[in-house]
file target-v3.txt (compact mmCIF, C-alpha atoms and all ligand atoms)
# COMPACT_ATOMS: atom_id res chain seq x y z
CA MET A 1 -26.67 -8.71 24.11
CA GLY A 2 -26.23 -11.00 21.09
CA VAL A 3 -29.45 -9.55 19.67
CA HIS A 4 -29.52 -6.01 21.03
CA GLY A 5 -25.84 -5.32 20.54
CA HIS A 6 -26.53 -4.75 16.85
CA THR A 7 -28.61 -1.66 17.43
CA ASP A 8 -28.27 -0.62 21.10
CA GLY A 9 -25.58 0.71 23.34
CA SER A 10 -22.92 3.33 22.85
CA ARG A 11 -21.47 1.61 19.78
CA PRO A 12 -24.12 -0.42 17.93
CA TRP A 13 -22.42 -3.16 15.94
CA ALA A 14 -24.61 -2.88 12.86
CA TRP A 15 -23.14 0.47 11.82
CA ALA A 16 -19.98 0.49 13.88
CA GLU A 17 -17.78 0.91 10.82
CA ASN A 18 -19.53 4.17 9.89
CA ASP A 19 -17.86 5.89 12.83
CA LEU A 20 -14.47 4.98 11.43
CA GLU A 21 -14.77 6.29 7.90
CA GLY A 22 -14.09 9.88 8.84
CA LEU A 23 -11.02 8.84 10.84
CA MET A 24 -9.80 6.71 7.93
CA ALA A 25 -10.55 9.44 5.38
CA ASN A 26 -8.23 11.81 7.26
CA VAL A 27 -5.40 9.30 6.95
CA VAL A 28 -5.78 8.81 3.18
CA GLY A 29 -6.70 12.37 2.21
CA ALA A 30 -10.27 11.64 1.16
CA LYS A 31 -13.79 12.77 1.95
CA GLN A 32 -15.66 10.56 4.35
CA GLU A 33 -18.21 9.51 1.71
CA GLU A 34 -15.38 8.37 -0.59
CA VAL A 35 -14.17 5.72 1.87
CA ALA A 36 -15.56 2.33 2.88
CA LEU A 37 -14.10 -0.15 5.35
CA MET A 38 -14.85 -3.70 4.37
CA ASN A 39 -13.48 -7.11 3.40
CA GLY A 40 -9.79 -7.80 2.80
CA LEU A 41 -7.52 -5.90 0.46
CA THR A 42 -7.48 -8.37 -2.42
CA VAL A 43 -11.26 -8.73 -2.24
CA ASN A 44 -11.64 -4.95 -2.53
CA LEU A 45 -9.16 -4.85 -5.39
CA HIS A 46 -11.32 -7.36 -7.25
CA LEU A 47 -14.59 -5.59 -6.48
CA LEU A 48 -13.16 -2.28 -7.70
CA MET A 49 -11.64 -3.74 -10.85
CA LEU A 50 -14.97 -5.41 -11.68
CA SER A 51 -16.40 -1.91 -12.04
CA PHE A 52 -13.39 0.08 -13.23
CA TYR A 53 -11.83 -2.38 -15.66
CA LYS A 54 -14.04 -2.36 -18.74
CA PRO A 55 -11.84 -3.70 -21.53
CA THR A 56 -12.69 -3.27 -25.20
CA PRO A 57 -10.83 -4.83 -28.15
CA LYS A 58 -8.99 -1.51 -28.62
CA ARG A 59 -8.45 -0.63 -24.99
CA HIS A 60 -7.93 -3.78 -22.95
CA LYS A 61 -4.60 -3.47 -21.15
CA ILE A 62 -3.81 -3.00 -17.48
CA LEU A 63 -0.50 -1.26 -16.77
CA LEU A 64 1.21 -2.32 -13.55
CA GLU A 65 4.69 -2.77 -12.10
CA ASP A 66 6.64 -5.79 -13.23
CA ARG A 67 7.30 -6.60 -9.59
CA ALA A 68 3.84 -5.83 -8.23
CA PHE A 69 2.86 -7.64 -5.04
CA PRO A 70 1.89 -11.22 -5.99
CA SER A 71 -1.74 -10.84 -4.93
CA ASP A 72 -2.14 -7.79 -7.17
CA HIS A 73 -0.39 -9.54 -10.05
CA TYR A 74 -2.74 -12.53 -9.75
CA ALA A 75 -5.81 -10.35 -9.27
CA VAL A 76 -5.03 -8.36 -12.41
CA GLY A 77 -4.31 -11.52 -14.42
CA SER A 78 -7.53 -13.17 -13.33
CA GLN A 79 -9.63 -10.07 -14.07
CA ILE A 80 -8.19 -10.01 -17.57
CA ARG A 81 -9.05 -13.66 -18.07
CA LEU A 82 -12.52 -13.15 -16.60
CA ARG A 83 -13.22 -10.62 -19.37
CA GLY A 84 -12.10 -13.02 -22.07
CA PHE A 85 -8.69 -11.46 -22.71
CA SER A 86 -5.27 -12.96 -22.22
CA PRO A 87 -2.73 -11.75 -19.66
CA ASP A 88 -0.01 -12.26 -22.30
CA ASP A 89 -1.56 -9.51 -24.42
CA SER A 90 -3.29 -7.38 -21.84
CA MET A 91 -0.97 -7.27 -18.83
CA LEU A 92 1.51 -4.47 -19.47
CA LEU A 93 4.35 -4.93 -17.00
CA MET A 94 6.61 -1.97 -16.40
CA LYS A 95 10.25 -2.84 -15.64
CA PRO A 96 13.00 -0.56 -14.30
CA ARG A 97 15.84 0.24 -16.71
CA GLN A 98 18.61 -2.31 -17.05
CA GLY A 99 20.73 -2.30 -13.90
CA GLU A 100 18.29 -0.11 -11.96
CA GLU A 101 15.98 -1.04 -9.11
CA ILE A 102 13.38 1.69 -9.09
CA LEU A 103 11.10 2.96 -11.82
CA ARG A 104 11.81 6.46 -13.06
CA THR A 105 8.76 8.68 -13.09
CA GLU A 106 9.69 9.96 -16.55
CA ASP A 107 9.66 6.37 -17.83
CA ILE A 108 6.27 5.62 -16.29
CA LEU A 109 4.83 8.75 -17.85
CA SER A 110 6.30 7.97 -21.24
CA VAL A 111 4.93 4.41 -21.23
CA ILE A 112 1.50 5.86 -20.48
CA GLU A 113 1.95 8.40 -23.26
CA ARG A 114 3.13 5.73 -25.73
CA GLU A 115 0.76 2.88 -24.85
CA GLY A 116 -2.11 4.81 -23.26
CA ASP A 117 -4.56 4.37 -26.13
CA SER A 118 -4.64 0.61 -25.51
CA VAL A 119 -4.64 0.89 -21.69
CA ALA A 120 -7.98 0.61 -19.91
CA LEU A 121 -6.52 0.82 -16.43
CA VAL A 122 -3.32 2.03 -14.82
CA MET A 123 -3.03 0.02 -11.61
CA PHE A 124 0.05 0.84 -9.55
CA SER A 125 0.99 0.47 -5.94
CA ALA A 126 1.41 3.75 -4.07
CA VAL A 127 4.49 2.62 -2.18
CA GLN A 128 6.27 -0.36 -3.74
CA TYR A 129 6.52 -3.10 -1.10
CA TYR A 130 9.95 -4.37 -2.22
CA THR A 131 11.87 -1.19 -3.02
CA GLY A 132 9.94 1.26 -0.85
CA GLN A 133 9.49 3.61 -3.79
CA PHE A 134 6.66 6.11 -3.32
CA PHE A 135 5.31 6.74 -6.80
CA ASP A 136 4.32 10.19 -7.99
CA MET A 137 0.64 9.35 -7.81
CA GLU A 138 -0.54 12.75 -8.91
CA ALA A 139 1.60 12.77 -12.05
CA ILE A 140 0.69 9.16 -12.91
CA THR A 141 -3.00 9.90 -12.45
CA LYS A 142 -2.81 13.00 -14.60
CA ALA A 143 -0.90 11.21 -17.36
CA GLY A 144 -3.37 8.31 -17.32
CA HIS A 145 -6.38 10.60 -17.52
CA ALA A 146 -4.82 12.56 -20.38
CA LYS A 147 -4.83 9.33 -22.40
CA GLY A 148 -8.34 8.34 -21.33
CA CYS A 149 -7.28 5.62 -18.88
CA LEU A 150 -8.72 5.06 -15.43
CA VAL A 151 -6.15 5.11 -12.63
CA GLY A 152 -6.24 3.07 -9.42
CA PHE A 153 -3.71 2.55 -6.64
CA ASP A 154 -3.04 -0.17 -4.12
CA CYS A 155 -2.08 1.83 -1.03
CA ALA A 156 -1.23 -1.14 1.23
CA HIS A 157 2.25 0.19 2.05
CA ALA A 158 1.35 3.85 1.84
CA VAL A 159 -1.56 4.21 4.25
CA GLY A 160 -0.34 5.47 7.60
CA ASN A 161 3.15 5.81 6.10
CA VAL A 162 3.09 8.74 3.69
CA GLU A 163 0.77 11.68 3.20
CA LEU A 164 -1.86 10.68 0.68
CA ARG A 165 -4.28 13.06 -1.06
CA LEU A 166 -6.46 10.61 -2.91
CA HIS A 167 -9.20 13.17 -3.46
CA ASP A 168 -7.03 16.11 -4.54
CA TRP A 169 -4.90 13.95 -6.79
CA ASN A 170 -8.05 12.91 -8.59
CA VAL A 171 -7.33 9.18 -8.22
CA ASP A 172 -10.26 7.16 -9.58
CA PHE A 173 -10.13 4.41 -7.00
CA ALA A 174 -7.84 2.92 -4.38
CA CYS A 175 -7.73 0.13 -1.86
CA TRP A 176 -5.54 -0.80 1.08
CA CYS A 177 -5.24 -3.11 4.07
CA SER A 178 -5.08 -1.84 7.64
CA TYR A 179 -2.64 -4.29 9.17
CA LYS A 180 0.66 -2.83 7.95
CA TYR A 181 1.31 0.76 9.08
CA VAL A 182 -2.23 1.08 10.43
CA ASN A 183 -1.70 -1.64 13.06
CA SER A 184 -5.20 -3.14 13.08
CA GLY A 185 -3.95 -6.71 13.55
CA ALA A 186 -3.36 -9.50 11.06
CA GLY A 187 -6.08 -9.76 8.46
CA GLY A 188 -7.76 -6.57 9.70
CA LEU A 189 -10.57 -4.77 7.93
CA ALA A 190 -9.49 -3.31 4.57
CA GLY A 191 -10.35 0.00 2.93
CA ALA A 192 -11.64 1.17 -0.43
CA PHE A 193 -11.84 4.60 -2.03
CA ILE A 194 -13.86 5.78 -4.99
CA HIS A 195 -13.54 9.41 -6.01
CA GLU A 196 -16.72 11.42 -5.56
CA LYS A 197 -16.75 12.30 -9.27
CA HIS A 198 -17.83 8.69 -9.87
CA MET A 199 -20.47 8.85 -7.15
CA ASP A 200 -23.47 8.54 -9.45
CA THR A 201 -21.94 6.76 -12.40
CA VAL A 202 -19.87 3.83 -11.20
CA ARG A 203 -21.97 0.94 -9.91
CA PRO A 204 -20.87 -2.23 -8.15
CA ALA A 205 -20.89 -5.34 -10.31
CA LEU A 206 -21.77 -7.46 -7.29
CA VAL A 207 -24.34 -6.32 -4.76
CA GLY A 208 -25.17 -7.28 -1.20
CA TRP A 209 -27.56 -6.00 1.46
CA TRP A 210 -24.93 -3.76 3.06
CA GLY A 211 -24.86 -1.67 -0.11
CA HIS A 212 -28.52 -0.84 0.48
CA GLU A 213 -29.13 2.53 2.17
CA LEU A 214 -29.19 2.25 5.96
CA LYS A 215 -32.59 3.83 6.47
CA THR A 216 -34.51 1.04 4.75
CA ARG A 217 -31.92 -1.75 4.84
CA PHE A 218 -33.77 -3.78 7.41
CA LEU A 219 -37.24 -3.56 5.85
CA MET A 220 -36.29 -6.70 3.94
CA ASN A 221 -38.53 -5.88 0.99
CA ASN A 222 -35.98 -6.77 -1.71
CA GLU A 223 -36.32 -3.37 -3.35
CA LEU A 224 -32.74 -2.30 -3.73
CA LYS A 225 -31.94 1.29 -2.76
CA LEU A 226 -28.26 1.26 -3.55
CA GLN A 227 -26.06 3.78 -1.78
CA SER A 228 -24.04 5.90 -4.13
CA GLY A 229 -20.29 5.68 -4.62
CA VAL A 230 -18.14 3.29 -2.67
CA ASN A 231 -20.85 2.69 -0.09
CA GLY A 232 -22.86 0.77 -2.63
CA PHE A 233 -19.97 -1.71 -2.90
CA ARG A 234 -20.47 -3.03 0.63
CA LEU A 235 -21.63 -6.62 0.65
CA SER A 236 -21.79 -7.96 4.19
CA ASN A 237 -22.38 -6.67 7.68
CA GLN A 238 -19.17 -5.77 9.44
CA PRO A 239 -17.12 -8.09 11.63
CA ILE A 240 -17.24 -6.10 14.86
CA LEU A 241 -14.17 -7.93 16.16
CA LEU A 242 -12.18 -6.40 13.30
CA VAL A 243 -13.82 -2.99 13.55
CA CYS A 244 -12.76 -2.46 17.17
CA PRO A 245 -8.96 -2.74 16.84
CA LEU A 246 -9.08 -0.61 13.69
CA GLN A 247 -11.02 2.03 15.57
CA ALA A 248 -8.48 2.00 18.41
CA SER A 249 -5.68 2.47 15.91
CA LEU A 250 -7.39 5.21 13.90
CA GLU A 251 -8.16 7.16 17.05
CA ILE A 252 -4.44 7.24 17.76
CA PHE A 253 -3.67 8.39 14.20
CA ASN A 254 -6.26 11.12 14.59
CA LYS A 255 -4.57 12.49 17.70
CA THR A 256 -1.95 13.75 15.29
CA SER A 257 -1.87 14.17 11.50
CA MET A 258 -0.15 12.40 8.65
CA LYS A 259 1.63 15.70 7.98
CA ASP A 260 3.25 15.72 11.42
CA LEU A 261 3.96 11.98 11.37
CA ARG A 262 5.56 12.37 7.98
CA THR A 263 7.73 15.25 9.18
CA LYS A 264 9.18 13.02 11.88
CA SER A 265 9.34 10.08 9.47
CA VAL A 266 11.53 11.94 6.98
CA LEU A 267 14.00 12.76 9.76
CA LEU A 268 13.89 9.27 11.27
CA THR A 269 14.50 7.46 7.97
CA GLY A 270 17.04 10.10 6.95
CA TYR A 271 18.93 9.38 10.17
CA LEU A 272 18.84 5.65 9.45
CA GLU A 273 20.07 6.24 5.91
CA TYR A 274 22.86 8.51 7.08
CA LEU A 275 24.17 6.02 9.64
CA LEU A 276 23.86 3.05 7.28
CA LYS A 277 25.87 4.85 4.63
CA HIS A 278 28.38 6.19 7.12
CA TYR A 279 29.21 2.84 8.70
CA TYR A 280 28.39 0.19 6.15
CA SER A 281 29.07 1.54 2.66
CA LYS A 282 31.46 -0.32 0.40
CA ASP A 283 35.05 0.41 1.43
CA GLU A 284 37.40 0.10 -1.56
CA SER A 285 40.44 0.09 0.71
CA ASN A 286 39.06 -2.80 2.76
CA PRO A 287 37.64 -5.42 0.39
CA ASP A 288 36.99 -7.90 3.23
CA LYS A 289 34.55 -5.58 4.95
CA ALA A 290 30.89 -6.50 4.57
CA TYR A 291 28.80 -3.71 3.07
CA ILE A 292 25.27 -2.77 2.27
CA GLU A 293 23.46 -1.07 -0.57
CA ILE A 294 20.20 0.81 -0.22
CA ILE A 295 17.90 0.27 -3.18
CA SER A 296 15.12 2.62 -1.99
CA PRO A 297 15.11 6.07 -3.57
CA SER A 298 17.44 8.54 -1.91
CA GLU A 299 14.99 11.44 -2.32
CA PRO A 300 12.79 11.55 0.80
CA GLN A 301 9.68 12.52 -1.21
CA GLU A 302 10.13 9.39 -3.36
CA ARG A 303 9.98 6.97 -0.46
CA GLY A 304 8.10 6.29 2.75
CA CYS A 305 9.72 5.27 6.02
CA GLN A 306 11.11 2.00 4.64
CA LEU A 307 14.64 1.43 3.42
CA SER A 308 15.26 -1.73 1.44
CA ILE A 309 18.80 -2.93 1.98
CA CYS A 310 20.92 -5.43 0.04
CA PHE A 311 24.03 -6.98 1.56
CA SER A 312 27.35 -8.25 0.28
CA LEU A 313 26.70 -11.28 2.52
CA PRO A 314 23.94 -13.90 2.17
CA ILE A 315 20.75 -12.22 3.33
CA ARG A 316 19.57 -15.23 5.34
CA HIS A 317 22.69 -15.13 7.51
CA VAL A 318 22.28 -11.42 8.21
CA PHE A 319 18.62 -11.90 9.03
CA LYS A 320 19.40 -14.74 11.44
CA GLU A 321 22.17 -12.84 13.19
CA LEU A 322 19.86 -9.85 13.64
CA GLU A 323 17.12 -12.05 15.06
CA LYS A 324 19.57 -13.58 17.53
CA ARG A 325 20.20 -10.04 18.76
CA GLY A 326 16.53 -9.34 19.23
CA VAL A 327 15.97 -7.25 16.10
CA ALA A 328 13.10 -8.39 13.89
CA CYS A 329 13.26 -6.93 10.40
CA ASP A 330 11.48 -8.17 7.37
CA MET A 331 13.31 -10.27 4.82
CA ARG A 332 11.94 -10.44 1.31
CA GLU A 333 13.04 -12.83 -1.37
CA PRO A 334 15.24 -12.66 -3.31
CA ASN A 335 17.64 -10.31 -1.60
CA VAL A 336 16.25 -7.52 0.52
CA LEU A 337 15.92 -6.62 4.15
CA ARG A 338 13.23 -4.05 4.75
CA VAL A 339 13.91 -1.73 7.65
CA ALA A 340 11.08 0.61 8.46
CA PRO A 341 11.38 2.95 11.42
CA VAL A 342 7.82 4.05 12.09
CA PRO A 343 7.32 7.59 13.37
CA LEU A 344 4.33 6.66 15.53
CA TYR A 345 6.31 4.38 17.83
CA ASN A 346 9.98 4.21 16.81
CA THR A 347 12.57 6.60 18.21
CA PHE A 348 15.89 7.94 17.02
CA THR A 349 17.44 5.79 19.75
CA ASP A 350 15.85 2.71 18.19
CA VAL A 351 17.54 3.62 14.91
CA TYR A 352 20.89 4.07 16.61
CA ARG A 353 20.53 0.72 18.39
CA PHE A 354 19.68 -0.95 15.13
CA ILE A 355 22.87 0.38 13.60
CA THR A 356 25.06 -0.97 16.42
CA VAL A 357 23.28 -4.34 16.39
CA LEU A 358 23.67 -4.52 12.62
CA GLY A 359 27.42 -3.94 13.00
CA SER A 360 27.76 -6.86 15.36
CA ALA A 361 25.53 -9.06 13.16
CA LEU A 362 27.59 -8.26 10.06
CA SER A 363 30.95 -8.96 11.66
CA ASN A 364 29.67 -12.29 12.95
CA CYS A 365 28.36 -13.19 9.48
CA ASN A 366 31.73 -12.24 8.07
CA LYS A 367 33.53 -14.50 10.54
CA LEU A 368 31.19 -17.41 9.82
CA GLN A 369 31.68 -16.81 6.12
CA ARG A 370 35.44 -17.07 6.36
CA SER A 371 35.66 -19.93 8.84
C1 LIG B 1 0.04 -6.72 1.90
C2 LIG B 1 -0.40 -6.58 0.49
C3 LIG B 1 -1.42 -7.40 -0.02
C4 LIG B 1 -2.09 -8.46 0.81
O1 LIG B 1 -3.41 -8.66 0.43
P1 LIG B 1 -4.48 -9.26 1.45
O2 LIG B 1 -5.69 -9.37 0.61
O3 LIG B 1 -4.61 -8.28 2.59
O4 LIG B 1 -3.96 -10.57 1.94
C5 LIG B 1 -1.81 -7.20 -1.34
N1 LIG B 1 -1.21 -6.26 -2.12
C6 LIG B 1 -0.23 -5.46 -1.64
C7 LIG B 1 0.39 -4.42 -2.53
C8 LIG B 1 0.21 -5.60 -0.34
O5 LIG B 1 1.20 -4.83 0.12
call {"tool": "encode", "arguments": {"input": "target-v3.txt", "output": "structure tokens"}}
result
Amino acid sequence: MGVHGHTDGSRPWAWAENDLEGLMANVVGAKQEEVALMNGLTVNLHLLMLSFYKPTPKRHKILLEDRAFPSDHYAVGSQIRLRGFSPDDSMLLMKPRQGEEILRTEDILSVIEREGDSVALVMFSAVQYYTGQFFDMEAITKAGHAKGCLVGFDCAHAVGNVELRLHDWNVDFACWCSYKYVNSGAGGLAGAFIHEKHMDTVRPALVGWWGHELKTRFLMNNELKLQSGVNGFRLSNQPILLVCPLQASLEIFNKTSMKDLRTKSVLLTGYLEYLLKHYYSKDESNPDKAYIEIISPSEPQERGCQLSICFSLPIRHVFKELEKRGVACDMREPNVLRVAPVPLYNTFTDVYRFITVLGSALSNCNKLQRS
């Protein structure tokens, strides 16, 4: 089995990931040949930037969010250094306006318009992990292209959460992990997208045998026949133990569509937002009452399923009181609780229960605070 499993049986290990690309492509709005499943997210981000970030003295900057996910921030900084530039000059960090939490699309577009001539790469997240903001990827891509920049997205928090149209939006490249909304298990196999327009022009900087075309890959003659597009970026043979859970998950996603999941998601998160505001908004007539503030965008099309909530009480206390009551949310430093009802497996009843549990957690925090 250890030998024959690679090529025999109903699901040969050696090309097991190829069966998944179509399923994954449906989830991200891509063509099958634009998607590869390989490595981890940060590895893919590096591999893609090695080919898409080609700085010149005039055009050397990478535009990203000021509060990008740390791994992306470090990856971008190290790519800049690798090319002999300095992050101080070449990392263009986009901040929200004073006193605001989310980036306004108009501001993103005007930075691109203003600075675009010196920007080699616009590298944004699709859904911001901290605020939950779903960026207008199509508008950002269009604005970047108009100034001659390449545009890539980290879709870690968007895949399986919002409807993506990577192909139609003309995104140059994208990458994502599969262990957030795609449920493949911690450290699961990550994804990469390269638009088909780059199929014959963009080459991998680093090459391995899995980038070689399948037909002659095992002839072992060291005459590279590189697959075109993202498939040429594959380095190693696939970890079958990571392929299997991803397959199981993607088969479930493909029983429905991101359009239908999103329709439920908008209602589910809208319900959560409504109840949160109804019960736990700031009450001017009752200054002792604990309250919350939602920093995620209030427009459903500008967010995914996640609401990021700030509290008038210390976040650690709230988090602990929720945990005691059997509710596991996600706390992010410095001051946010991320609540993400997921349409695939969360119900409206779950949302309602969360609201009642939150009420009891808050009043206990309040008591502790005052005692
Ligand atoms: C989760 C996440 C990561 C994690 O990267 P790994 O390489 O999978 O550890 C990176 N970037 C973003 C935006 C994320 O949300």
call {"tool": "residues_near_point", "arguments": {"input": "target-v3.txt", "point": "(-4.3, -2.2, 0.5)", "cutoff": "8 Å", "atoms": "only C-alpha atoms", "output": "list in words"}}
result
Leu41, Thr42, Asp154, Cys155, Ala156, His157, Val159, Ala174, Cys175, Trp176, Cys177, Ser178, Ala190 and Gly191 of chain A
call {"tool": "closest_residue", "arguments": {"input": "target-v3.txt", "among": "A:Glu17, A:Asp8, A:Glu65, A:Asp107", "to": "ligand LIG 1 (chain B)", "atoms": "only C-alpha atoms and all ligand atoms"}}
result
A:Glu65
call {"tool": "residues_near_ligand", "arguments": {"input": "target-v3.txt", "ligand": "ligand LIG 1 (chain B)", "cutoff": "9 Å", "atoms": "only C-alpha atoms and all ligand atoms", "output": "mmCIF file with C-alpha atoms, keeping the file's coordinate frame"}}
result
data_model
loop_
_atom_site.group_PDB
_atom_site.id
_atom_site.type_symbol
_atom_site.label_atom_id
_atom_site.label_comp_id
_atom_site.auth_asym_id
_atom_site.auth_seq_id
_atom_site.Cartn_x
_atom_site.Cartn_y
_atom_site.Cartn_z
ATOM 1 C CA ASN A 39 -13.480 -7.110 3.400
ATOM 2 C CA GLY A 40 -9.790 -7.800 2.800
ATOM 3 C CA LEU A 41 -7.520 -5.900 0.460
ATOM 4 C CA THR A 42 -7.480 -8.370 -2.420
ATOM 5 C CA VAL A 43 -11.260 -8.730 -2.240
ATOM 6 C CA ASN A 44 -11.640 -4.950 -2.530
ATOM 7 C CA LEU A 45 -9.160 -4.850 -5.390
ATOM 8 C CA ALA A 68 3.840 -5.830 -8.230
ATOM 9 C CA PHE A 69 2.860 -7.640 -5.040
ATOM 10 C CA PRO A 70 1.890 -11.220 -5.990
ATOM 11 C CA SER A 71 -1.740 -10.840 -4.930
ATOM 12 C CA ASP A 72 -2.140 -7.790 -7.170
ATOM 13 C CA HIS A 73 -0.390 -9.540 -10.050
ATOM 14 C CA PHE A 124 0.050 0.840 -9.550
ATOM 15 C CA SER A 125 0.990 0.470 -5.940
ATOM 16 C CA ALA A 126 1.410 3.750 -4.070
ATOM 17 C CA VAL A 127 4.490 2.620 -2.180
ATOM 18 C CA GLN A 128 6.270 -0.360 -3.740
ATOM 19 C CA TYR A 129 6.520 -3.100 -1.100
ATOM 20 C CA ASP A 154 -3.040 -0.170 -4.120
ATOM 21 C CA CYS A 155 -2.080 1.830 -1.030
ATOM 22 C CA ALA A 156 -1.230 -1.140 1.230
ATOM 23 C CA HIS A 157 2.250 0.190 2.050
ATOM 24 C CA ALA A 158 1.350 3.850 1.840
ATOM 25 C CA TRP A 176 -5.540 -0.800 1.080
ATOM 26 C CA CYS A 177 -5.240 -3.110 4.070
ATOM 27 C CA SER A 178 -5.080 -1.840 7.640
ATOM 28 C CA TYR A 179 -2.640 -4.290 9.170
ATOM 29 C CA LYS A 180 0.660 -2.830 7.950
ATOM 30 C CA ALA A 186 -3.360 -9.500 11.060
ATOM 31 C CA GLY A 187 -6.080 -9.760 8.460
ATOM 32 C CA GLY A 188 -7.760 -6.570 9.700
ATOM 33 C CA LEU A 189 -10.570 -4.770 7.930
ATOM 34 C CA ALA A 190 -9.490 -3.310 4.570
#
call {"tool": "closest_residue", "arguments": {"input": "target-v3.txt", "among": "A:Ile292, A:Cys149, A:Ala75, A:Val357", "to": "His278 of chain A", "atoms": "only C-alpha atoms"}}
result
A:Ile292
call {"tool": "axis_aligned_box", "arguments": {"input": "target-v3.txt", "around": "segment 7-13 of chain A", "padding_each_side": "5 Å", "output": "JSON"}}
result
{"center_x": -25.0, "center_y": 0.1, "center_z": 19.6, "size_x": 17.1, "size_y": 16.5, "size_z": 17.4}
call {"tool": "closest_residue", "arguments": {"input": "target-v3.txt", "among": "A:Lys264, A:His317, A:Arg67, A:Lys255", "to": "Leu103 of chain A", "atoms": "all atoms listed in the file"}}
result
A:Arg67
call {"tool": "residues_around", "arguments": {"input": "target-v3.txt", "residues": "Glu333 of chain A", "least_positions_apart": "6", "cutoff": "10 Å", "atoms": "all atoms listed in the file", "output": "number ranges by chain"}}
result
A: 130, 315-316
call {"tool": "atom_distance", "arguments": {"input": "target-v3.txt", "atom1": "atom CA of Lys95 of chain A", "atom2": "atom CA of Ala146 of chain A"}}
result
22.1 Å
call {"tool": "residues_near_point", "arguments": {"input": "target-v3.txt", "point": "(16.9, -11.0, -3.8)", "cutoff": "10 Å", "atoms": "all atoms listed in the file", "output": "mmCIF file with C-alpha atoms, in the frame of the given file"}}
result
data_model
loop_
_atom_site.group_PDB
_atom_site.id
_atom_site.type_symbol
_atom_site.label_atom_id
_atom_site.label_comp_id
_atom_site.auth_asym_id
_atom_site.auth_seq_id
_atom_site.Cartn_x
_atom_site.Cartn_y
_atom_site.Cartn_z
ATOM 1 C CA TYR A 130 9.950 -4.370 -2.220
ATOM 2 C CA CYS A 310 20.920 -5.430 0.040
ATOM 3 C CA PHE A 311 24.030 -6.980 1.560
ATOM 4 C CA PRO A 314 23.940 -13.900 2.170
ATOM 5 C CA ILE A 315 20.750 -12.220 3.330
ATOM 6 C CA MET A 331 13.310 -10.270 4.820
ATOM 7 C CA ARG A 332 11.940 -10.440 1.310
ATOM 8 C CA GLU A 333 13.040 -12.830 -1.370
ATOM 9 C CA PRO A 334 15.240 -12.660 -3.310
ATOM 10 C CA ASN A 335 17.640 -10.310 -1.600
ATOM 11 C CA VAL A 336 16.250 -7.520 0.520
ATOM 12 C CA LEU A 337 15.920 -6.620 4.150
#
call {"tool": "atom_distance", "arguments": {"input": "target-v3.txt", "atom1": "atom CA of Phe348 of chain A", "atom2": "atom CA of Tyr181 of chain A"}}
result
18.1 Å
call {"tool": "closest_residue", "arguments": {"input": "target-v3.txt", "among": "A:Met49, A:Cys244, A:Met123, A:Ala36", "to": "Gly229 of chain A", "atoms": "only C-alpha atoms"}}
result
A:Ala36
call {"tool": "residues_around", "arguments": {"input": "target-v3.txt", "residues": "Ile355 of chain A", "least_positions_apart": "3", "cutoff": "8 Å", "atoms": "only C-alpha atoms", "output": "ChimeraX atom specification"}}
result
/A:272,275-276,351-352,358-359
call {"tool": "atom_distance", "arguments": {"input": "target-v3.txt", "atom1": "atom CA of Leu344 of chain A", "atom2": "atom CA of Val162 of chain A"}}
result
12.1 Å
call {"tool": "residues_around", "arguments": {"input": "target-v3.txt", "residues": "Asn18 of chain A", "least_positions_apart": "6", "cutoff": "12 Å", "atoms": "all atoms listed in the file", "output": "number ranges by chain"}}
result
A: 11-12, 24-25, 32-33, 35-38, 210, 214, 231, 234, 237-238, 240, 243-244, 247
call {"tool": "closest_residue", "arguments": {"input": "target-v3.txt", "among": "A:Gln306, A:Thr347, A:Ser312, A:Asn170", "to": "Ser281 of chain A", "atoms": "only C-alpha atoms"}}
result
A:Ser312
